[in-house]
$ cat run_33.cif   # mmCIF, C-alpha atoms
data_data
loop_
_atom_site.label_atom_id
_atom_site.label_comp_id
_atom_site.auth_asym_id
_atom_site.auth_seq_id
_atom_site.Cartn_x
_atom_site.Cartn_y
_atom_site.Cartn_z
CA MET A 1 -92.34 87.62 6.44
CA ASP A 2 -93.67 84.03 6.40
CA LYS A 3 -92.87 81.29 8.88
CA LYS A 4 -90.36 79.64 6.54
CA GLN A 5 -88.33 82.84 6.27
CA ILE A 6 -88.54 83.34 10.01
CA ALA A 7 -87.34 79.79 10.67
CA GLU A 8 -84.51 80.14 8.14
CA GLN A 9 -83.37 83.38 9.71
CA PHE A 10 -83.70 81.77 13.12
CA ILE A 11 -81.25 79.05 12.07
CA SER A 12 -78.72 81.32 10.39
CA ALA A 13 -78.82 83.64 13.41
CA ILE A 14 -77.79 80.85 15.80
CA PRO A 15 -73.99 80.78 16.03
CA HIS A 16 -73.82 77.33 17.65
CA SER A 17 -76.08 75.72 15.04
CA ASN A 18 -74.04 77.36 12.29
CA ALA A 19 -70.80 76.11 13.84
CA LEU A 20 -72.24 72.58 13.65
CA GLY A 21 -73.12 73.11 9.97
CA MET A 22 -76.88 72.74 10.50
CA ARG A 23 -79.23 73.46 7.63
CA LEU A 24 -83.00 73.82 7.90
CA THR A 25 -84.50 71.69 5.11
CA ASP A 26 -88.20 71.87 5.93
CA VAL A 27 -90.58 73.75 8.20
CA GLY A 28 -94.34 73.36 8.56
CA GLU A 29 -96.98 74.31 11.09
CA GLY A 30 -95.33 72.94 14.21
CA THR A 31 -92.82 70.73 12.38
CA ALA A 32 -89.21 71.21 11.32
CA GLU A 33 -86.44 69.22 9.67
CA ILE A 34 -82.75 70.03 10.11
CA GLU A 35 -79.65 68.34 8.71
CA MET A 36 -76.17 68.22 10.20
CA PRO A 37 -73.25 67.07 8.00
CA TYR A 38 -70.73 64.47 9.09
CA ASP A 39 -67.59 66.26 10.26
CA ALA A 40 -64.43 64.72 11.75
CA ARG A 41 -64.42 67.54 14.36
CA PHE A 42 -67.72 66.27 15.81
CA VAL A 43 -66.44 62.73 16.47
CA GLY A 44 -67.01 61.43 20.01
CA ASP A 45 -65.37 58.01 19.73
CA PRO A 46 -62.05 58.24 17.87
CA GLU A 47 -61.88 54.46 17.51
CA THR A 48 -65.15 54.16 15.57
CA GLY A 49 -65.52 57.67 14.10
CA VAL A 50 -69.06 57.93 15.50
CA ILE A 51 -70.42 61.47 16.07
CA HIS A 52 -70.57 62.59 19.73
CA GLY A 53 -73.97 62.43 21.43
CA GLY A 54 -73.53 66.09 22.38
CA ALA A 55 -73.68 67.14 18.72
CA VAL A 56 -76.83 65.05 18.28
CA SER A 57 -78.30 66.74 21.39
CA ALA A 58 -77.61 70.17 19.88
CA LEU A 59 -79.27 69.07 16.63
CA MET A 60 -82.34 67.73 18.48
CA ASP A 61 -82.59 70.87 20.62
CA THR A 62 -82.38 73.19 17.61
CA CYS A 63 -84.88 71.14 15.62
CA CYS A 64 -87.41 70.98 18.49
CA GLY A 65 -87.00 74.73 19.08
CA ALA A 66 -87.64 75.46 15.39
CA ALA A 67 -90.75 73.23 15.40
CA ALA A 68 -92.08 74.92 18.56
CA MET A 69 -91.60 78.37 17.03
CA SER A 70 -93.24 77.34 13.77
CA HIS A 71 -96.48 76.28 15.48
CA PRO A 72 -99.39 78.59 14.52
CA ALA A 73 -100.18 79.14 18.22
CA SER A 74 -96.63 80.28 19.04
CA PRO A 75 -95.83 84.01 19.24
CA GLY A 76 -92.39 83.06 17.87
CA GLY A 77 -90.05 82.75 20.84
CA THR A 78 -88.98 79.69 22.82
CA ALA A 79 -86.43 78.24 25.25
CA THR A 80 -85.84 74.63 26.27
CA ILE A 81 -87.31 73.54 29.62
CA ASP A 82 -86.18 69.95 29.39
CA LEU A 83 -85.05 67.48 26.77
CA ARG A 84 -84.59 63.72 26.94
CA ILE A 85 -82.72 61.85 24.26
CA ASP A 86 -82.63 58.09 23.73
CA TYR A 87 -79.66 56.90 21.70
CA MET A 88 -80.83 53.79 19.90
CA ARG A 89 -77.76 53.06 17.80
CA PRO A 90 -74.54 54.80 16.74
CA ALA A 91 -74.94 56.95 13.61
CA THR A 92 -72.99 55.50 10.68
CA PRO A 93 -69.71 57.42 10.27
CA GLY A 94 -69.56 59.51 7.10
CA GLN A 95 -73.33 60.01 6.85
CA LYS A 96 -75.20 63.21 7.64
CA ILE A 97 -77.73 63.19 10.46
CA ARG A 98 -81.24 64.47 9.80
CA ALA A 99 -83.63 65.38 12.61
CA ARG A 100 -87.37 65.80 12.29
CA ALA A 101 -89.34 67.39 15.13
CA GLU A 102 -93.04 67.79 15.75
CA CYS A 103 -94.86 70.02 18.23
CA TYR A 104 -97.67 67.62 19.20
CA HIS A 105 -99.29 69.86 21.80
CA ILE A 106 -99.08 73.50 22.79
CA THR A 107 -100.62 75.56 25.60
CA ARG A 108 -100.27 79.28 26.33
CA SER A 109 -97.07 78.57 28.25
CA VAL A 110 -95.66 75.19 27.18
CA ALA A 111 -94.92 73.43 23.88
CA PHE A 112 -94.55 69.62 23.86
CA LEU A 113 -92.13 68.25 21.30
CA ARG A 114 -90.89 64.97 19.96
CA ALA A 115 -88.13 64.38 17.46
CA THR A 116 -86.37 61.59 15.58
CA ALA A 117 -82.82 61.59 14.22
CA MET A 118 -81.84 59.45 11.23
CA ASP A 119 -78.81 58.78 9.08
CA ASP A 120 -79.10 57.38 5.52
CA ASP A 121 -81.02 54.36 6.85
CA ALA A 122 -84.24 56.21 7.74
CA ASP A 123 -86.01 53.00 8.81
CA ARG A 124 -83.71 52.60 11.79
CA PRO A 125 -83.62 55.89 13.74
CA VAL A 126 -80.37 56.83 15.45
CA ALA A 127 -81.99 58.69 18.33
CA GLN A 128 -85.32 59.89 19.62
CA ALA A 129 -86.10 62.90 21.79
CA THR A 130 -88.98 64.30 23.79
CA GLY A 131 -88.95 67.72 25.35
CA THR A 132 -90.87 70.67 26.66
CA PHE A 133 -90.22 74.24 25.57
CA THR A 134 -91.46 77.62 26.76
CA VAL A 135 -93.97 79.58 24.68
CA GLU A 136 -92.99 83.24 24.65
CA ALA A 137 -92.84 86.38 22.57
CA LYS A 138 -90.18 86.77 19.91
CA PRO A 139 -86.78 87.49 21.50
CA MET B 1 -47.24 38.92 53.88
CA SER B 2 -44.88 41.02 51.83
CA ALA B 3 -43.84 44.46 53.01
CA ARG B 4 -46.06 47.31 51.88
CA ARG B 5 -44.81 49.04 48.76
CA PRO B 6 -43.58 52.56 49.60
CA PRO B 7 -45.81 55.27 48.08
CA ASP B 8 -44.68 56.73 44.75
CA PRO B 9 -43.20 60.24 44.86
CA VAL B 10 -45.88 62.92 44.50
CA GLN B 11 -44.66 64.14 41.11
CA VAL B 12 -44.79 60.60 39.70
CA VAL B 13 -48.36 60.20 40.93
CA LYS B 14 -49.42 63.59 39.53
CA GLN B 15 -47.70 63.00 36.22
CA ARG B 16 -49.45 59.64 35.82
CA ARG B 17 -52.89 61.05 36.66
CA ASP B 18 -52.50 64.12 34.46
CA ALA B 19 -51.17 62.10 31.52
CA ALA B 20 -54.14 59.72 31.75
CA LEU B 21 -56.63 62.60 31.94
CA ARG B 22 -54.99 64.47 29.07
CA ALA B 23 -55.06 61.38 26.87
CA LEU B 24 -58.72 60.75 27.67
CA VAL B 25 -59.76 64.33 26.88
CA GLN B 26 -57.48 65.15 23.95
CA GLY B 27 -58.33 61.91 22.16
CA VAL B 28 -61.91 63.06 21.53
CA PRO B 29 -62.22 65.53 18.62
CA TYR B 30 -65.62 66.88 19.73
CA ILE B 31 -64.28 67.85 23.18
CA GLN B 32 -61.57 69.86 21.40
CA PHE B 33 -64.16 71.40 19.05
CA MET B 34 -66.19 72.58 22.07
CA GLY B 35 -63.03 73.83 23.80
CA ILE B 36 -63.85 71.87 26.98
CA GLU B 37 -61.03 71.41 29.51
CA PHE B 38 -60.77 69.49 32.77
CA ASP B 39 -59.35 70.71 36.06
CA ARG B 40 -58.23 67.95 38.42
CA ARG B 41 -57.85 67.98 42.22
CA GLY B 42 -57.05 64.47 43.41
CA ASP B 43 -59.73 62.33 41.81
CA GLU B 44 -62.21 65.22 41.53
CA LEU B 45 -62.72 66.64 38.06
CA THR B 46 -64.27 69.99 37.16
CA ALA B 47 -65.09 70.51 33.51
CA VAL B 48 -64.56 74.03 32.18
CA MET B 49 -66.15 75.35 28.98
CA PRO B 50 -64.54 78.73 28.27
CA PHE B 51 -66.93 81.14 26.58
CA ASP B 52 -66.77 81.25 22.81
CA GLU B 53 -69.03 83.01 20.27
CA LYS B 54 -69.79 79.70 18.58
CA LEU B 55 -71.54 78.43 21.74
CA ILE B 56 -74.23 81.12 21.51
CA GLY B 57 -77.82 80.04 20.82
CA ASN B 58 -79.62 83.33 21.19
CA PRO B 59 -77.53 86.31 20.05
CA LEU B 60 -80.15 88.85 21.19
CA LEU B 61 -80.13 87.96 24.89
CA PRO B 62 -77.32 86.70 24.47
CA ALA B 63 -77.45 83.16 25.87
CA LEU B 64 -75.58 79.89 25.45
CA HIS B 65 -77.24 77.38 23.11
CA GLY B 66 -79.20 74.73 25.02
CA GLY B 67 -77.47 72.18 22.82
CA ALA B 68 -74.04 73.47 23.87
CA THR B 69 -75.03 73.22 27.53
CA ALA B 70 -76.40 69.69 26.98
CA ALA B 71 -73.22 68.67 25.15
CA PHE B 72 -71.09 70.14 27.94
CA LEU B 73 -72.97 68.05 30.53
CA GLU B 74 -72.75 64.94 28.35
CA VAL B 75 -68.98 65.35 27.88
CA THR B 76 -68.61 65.92 31.64
CA SER B 77 -70.64 62.77 32.35
CA ILE B 78 -68.72 60.51 29.94
CA ILE B 79 -65.28 61.73 31.05
CA GLY B 80 -66.34 61.58 34.72
CA LEU B 81 -67.57 58.02 34.33
CA SER B 82 -64.50 56.92 32.33
CA TRP B 83 -62.24 58.56 34.90
CA ALA B 84 -63.96 56.72 37.77
CA MET B 85 -63.74 53.48 35.78
CA LEU B 86 -59.99 53.91 35.10
CA TRP B 87 -58.94 55.41 38.44
CA ASP B 88 -57.85 52.16 40.11
CA ASP B 89 -55.79 51.14 37.08
CA ILE B 90 -54.17 54.59 36.90
CA GLU B 91 -53.27 54.42 40.60
CA SER B 92 -51.88 50.90 40.46
CA GLY B 93 -49.93 51.67 37.29
CA THR B 94 -51.77 48.88 35.41
CA LEU B 95 -52.84 51.52 32.89
CA ASP B 96 -49.83 52.90 31.07
CA PRO B 97 -50.31 56.65 30.39
CA GLU B 98 -47.71 56.44 27.61
CA ALA B 99 -49.90 53.94 25.80
CA LEU B 100 -52.89 56.27 26.26
CA VAL B 101 -50.98 59.22 24.84
CA ALA B 102 -49.96 57.03 21.89
CA GLY B 103 -53.66 56.66 21.10
CA ASN B 104 -54.48 53.35 22.77
CA LEU B 105 -57.55 54.75 24.45
CA PRO B 106 -59.72 52.52 26.57
CA ARG B 107 -63.21 51.82 25.19
CA LEU B 108 -65.60 54.57 26.27
CA PRO B 109 -69.02 54.08 27.88
CA LYS B 110 -71.93 54.47 25.43
CA THR B 111 -74.85 56.78 26.20
CA ILE B 112 -78.23 55.03 26.43
CA ASP B 113 -80.24 58.10 27.35
CA PHE B 114 -79.58 61.62 28.44
CA THR B 115 -82.01 64.05 30.12
CA VAL B 116 -81.22 67.69 30.69
CA ASP B 117 -83.19 70.25 32.72
CA TYR B 118 -82.55 73.89 31.97
CA LEU B 119 -82.71 75.92 35.16
CA ARG B 120 -81.40 79.32 34.09
CA SER B 121 -80.33 81.00 30.91
CA GLY B 122 -76.62 80.32 30.19
CA LEU B 123 -74.77 83.62 30.15
CA PRO B 124 -72.02 84.48 27.65
CA ARG B 125 -69.20 83.53 30.00
CA ASP B 126 -67.28 80.46 31.18
CA ALA B 127 -69.28 77.48 32.45
CA TYR B 128 -68.26 74.76 34.88
CA ALA B 129 -69.63 71.28 35.53
CA ARG B 130 -69.12 68.27 37.71
CA ALA B 131 -70.43 64.74 37.31
CA GLN B 132 -71.22 62.22 39.99
CA VAL B 133 -71.39 58.52 39.22
CA THR B 134 -74.43 57.47 41.22
CA ARG B 135 -74.24 53.83 40.25
CA SER B 136 -71.64 51.95 38.29
CA GLY B 137 -72.15 48.28 37.60
CA ARG B 138 -70.54 45.76 35.28
CA ARG B 139 -72.95 46.54 32.44
CA TYR B 140 -74.75 49.79 33.23
CA ALA B 141 -74.02 53.07 34.97
CA SER B 142 -76.07 56.08 36.12
CA VAL B 143 -74.51 59.52 36.22
CA ARG B 144 -75.74 62.90 37.44
CA ALA B 145 -74.16 66.17 36.33
CA GLU B 146 -74.63 69.83 37.12
CA ALA B 147 -73.41 72.96 35.34
CA TRP B 148 -73.03 76.45 36.73
CA GLN B 149 -71.36 79.74 35.90
CA ASP B 150 -70.59 82.51 38.36
CA ASN B 151 -72.35 81.03 41.38
CA ARG B 152 -71.98 77.41 42.37
CA ALA B 153 -75.32 77.59 44.19
CA ARG B 154 -77.14 78.77 41.06
CA PRO B 155 -76.83 75.92 38.52
CA ILE B 156 -77.79 76.67 34.91
CA ALA B 157 -78.61 73.05 34.07
CA GLN B 158 -78.63 69.55 35.48
CA ALA B 159 -78.59 66.20 33.74
CA THR B 160 -79.10 62.52 34.42
CA ALA B 161 -77.76 59.90 32.07
CA HIS B 162 -77.48 56.14 31.67
CA PHE B 163 -74.61 54.36 29.99
CA VAL B 164 -73.65 50.92 28.78
CA MET B 165 -70.20 50.12 30.16
CA PRO B 166 -67.52 48.96 27.74
CA ARG B 167 -66.91 45.22 27.81
CA GLY B 168 -63.79 44.11 29.63
CA ASP B 169 -61.09 42.17 27.88
CA GLY B 170 -62.29 38.91 29.39
#
$ encode --input "run_33.cif" --output "structure tokens"
Amino acid sequence: MDKKQIAEQFISAIPHSNALGMRLTDVGEGTAEIEMPYDARFVGDPETGVIHGGAVSALMDTCCGAAAMSHPASPGGTATIDLRIDYMRPATPGQKIRARAECYHITRSVAFLRATAMDDDADRPVAQATGTFTVEAKP
Amino acid sequence: MSARRPPDPVQVVKQRRDAALRALVQGVPYIQFMGIEFDRRGDELTAVMPFDEKLIGNPLLPALHGGATAAFLEVTSIIGLSWAMLWDDIESGTLDPEALVAGNLPRLPKTIDFTVDYLRSGLPRDAYARAQVTRSGRRYASVRAEAWQDNRARPIAQATAHFVMPRGDG
């Protein structure tokens, strides 16, 4: 089974990511891209219709985890140690949010990740994240 | 000096506080989606996230999704901060709970950044969280939050967050 299949199974096997409608659109060697559709149930500010930061956090966490697992030096398992998210602007209501994560360094025990979230205007990111993840055997 | 106003009857006070809290929480679709509830004792809020299959991140362990835990802490922080911000107006009666229930929600604080530390694996059971507003100014606020499950002394995650406060009407 190749890494792409593993990553796809990883996504479909995660109930919370499925509940948020996430779809893995790309996976490389230490990179991943995941989309989350706009959904009225995920709204955090009823006045503006903007998606809740919590849903964006879940998207960033899933995307970073997928990127960490897809790194050639990873045995295939991971868990979040910490994650920081900067919210640069509200995502435009009605548009899907796409996250792209990159594992920029990995040791025997820790993977270092960064990720960007975008809506349709990819030149102006919605949020950025940095995090550290454990490196461990497949669950 | 005018005579001090007699205190409102306890049920009036409770009704006003609970109506304000309910309006704040039920007005946000994502809080409903996550199934998060708030327990109130005086001005102290405890967020409760009852276990649900859709919160699972690792079905083999099984464990809560880190994103669900992060979202839980973020919801707890925003509601905790909003609650602290509105408390005086709820107590004085300046804020009309009926208007809140009718959908006239106050503007909510906006998250600038959010950092979560995962301390233990989240088990497939109910989770609780409390937020503490460490600094609340006219423009910015800092909030700390902690989540736990069975044992209060064994937190599963902690978070720190910064917010931009909503602009006043002035």
$ interface_residues --input "run_33.cif" --of "chain A" --to "chain B" --cutoff "6 Å" --atoms "all atoms listed in the file" --output "PDB file with C-alpha atoms, in the frame of the given file"
ATOM      1  CA  ILE A  14     -77.790  80.850  15.800  1.00  0.00           C
ATOM      2  CA  PRO A  15     -73.990  80.780  16.030  1.00  0.00           C
ATOM      3  CA  HIS A  16     -73.820  77.330  17.650  1.00  0.00           C
ATOM      4  CA  ARG A  41     -64.420  67.540  14.360  1.00  0.00           C
ATOM      5  CA  PHE A  42     -67.720  66.270  15.810  1.00  0.00           C
ATOM      6  CA  VAL A  43     -66.440  62.730  16.470  1.00  0.00           C
ATOM      7  CA  GLY A  44     -67.010  61.430  20.010  1.00  0.00           C
ATOM      8  CA  GLY A  54     -73.530  66.090  22.380  1.00  0.00           C
ATOM      9  CA  SER A  57     -78.300  66.740  21.390  1.00  0.00           C
ATOM     10  CA  ALA A  58     -77.610  70.170  19.880  1.00  0.00           C
ATOM     11  CA  ASP A  61     -82.590  70.870  20.620  1.00  0.00           C
ATOM     12  CA  ILE A  81     -87.310  73.540  29.620  1.00  0.00           C
ATOM     13  CA  ASP A  82     -86.180  69.950  29.390  1.00  0.00           C
ATOM     14  CA  LEU A  83     -85.050  67.480  26.770  1.00  0.00           C
ATOM     15  CA  ARG A  84     -84.590  63.720  26.940  1.00  0.00           C
ATOM     16  CA  ILE A  85     -82.720  61.850  24.260  1.00  0.00           C
ATOM     17  CA  ASP A  86     -82.630  58.090  23.730  1.00  0.00           C
ATOM     18  CA  TYR A  87     -79.660  56.900  21.700  1.00  0.00           C
TER      19      TYR A  87
END
$ residues_near_point --input "run_33.cif" --point "(-70.2, 74.6, 10.6)" --cutoff "10 Å" --atoms "only C-alpha atoms" --output "PDB file with C-alpha atoms, in the frame of the given file"
ATOM      1  CA  PRO A  15     -73.990  80.780  16.030  1.00  0.00           C
ATOM      2  CA  HIS A  16     -73.820  77.330  17.650  1.00  0.00           C
ATOM      3  CA  SER A  17     -76.080  75.720  15.040  1.00  0.00           C
ATOM      4  CA  ASN A  18     -74.040  77.360  12.290  1.00  0.00           C
ATOM      5  CA  ALA A  19     -70.800  76.110  13.840  1.00  0.00           C
ATOM      6  CA  LEU A  20     -72.240  72.580  13.650  1.00  0.00           C
ATOM      7  CA  GLY A  21     -73.120  73.110   9.970  1.00  0.00           C
ATOM      8  CA  MET A  22     -76.880  72.740  10.500  1.00  0.00           C
ATOM      9  CA  ARG A  23     -79.230  73.460   7.630  1.00  0.00           C
ATOM     10  CA  MET A  36     -76.170  68.220  10.200  1.00  0.00           C
ATOM     11  CA  PRO A  37     -73.250  67.070   8.000  1.00  0.00           C
ATOM     12  CA  ASP A  39     -67.590  66.260  10.260  1.00  0.00           C
ATOM     13  CA  ARG A  41     -64.420  67.540  14.360  1.00  0.00           C
TER      14      ARG A  41
ATOM     15  CA  LYS B  54     -69.790  79.700  18.580  1.00  0.00           C
TER      16      LYS B  54
END
$ resolve_selection --input "run_33.cif" --expression "the PyMOL selection byres ((chain B and resi 44-51) around 6)" --output "JSON, numbers by chain"
{"B": [36, 37, 38, 39, 40, 41, 42, 43, 52, 125, 126, 127, 128, 129, 130]}
$ residues_around --input "run_33.cif" --residues "range 125-139 of chain A" --least-positions-apart "6" --cutoff "9 Å" --atoms "all atoms listed in the file" --output "VMD selection string"
(chain A and resid 56 to 57 60 to 61 64 to 65 68 to 69 73 to 92 97 99 101 106 to 119) or (chain B and resid 58 60 to 61)
$ atom_distance --input "run_33.cif" --atom1 "CA of Arg100 in chain A" --atom2 "CA of Asp26 in chain A"
8.8 Å
$ atom_distance --input "run_33.cif" --atom1 "CA of Thr76 in chain B" --atom2 "CA of Glu146 in chain B"
9.0 Å
$ resolve_selection --input "run_33.cif" --expression "the PyMOL selection byres ((chain B and resi 85) around 10)" --output "ChimeraX atom specification"
/B:79-84,86-90,108-109,133,136,165-166
$ closest_residue --input "run_33.cif" --among "A:Thr31, A:Gln9, A:Thr62, A:Ala122" --to "Lys96 in chain A" --atoms "all atoms listed in the file"
A:Ala122
$ atom_distance --input "run_33.cif" --atom1 "CA of Pro155 in chain B" --atom2 "CA of Ala63 in chain B"
14.6 Å
$ closest_residue --input "run_33.cif" --among "B:Glu91, B:Gln26, B:Trp148, B:Gly137" --to "Val10 in chain B" --atoms "all atoms listed in the file"
B:Glu91
$ closest_residue --input "run_33.cif" --among "B:Arg138, B:Arg4, B:Arg154, B:Arg144" --to "Gly122 in chain B" --atoms "only C-alpha atoms"
B:Arg154
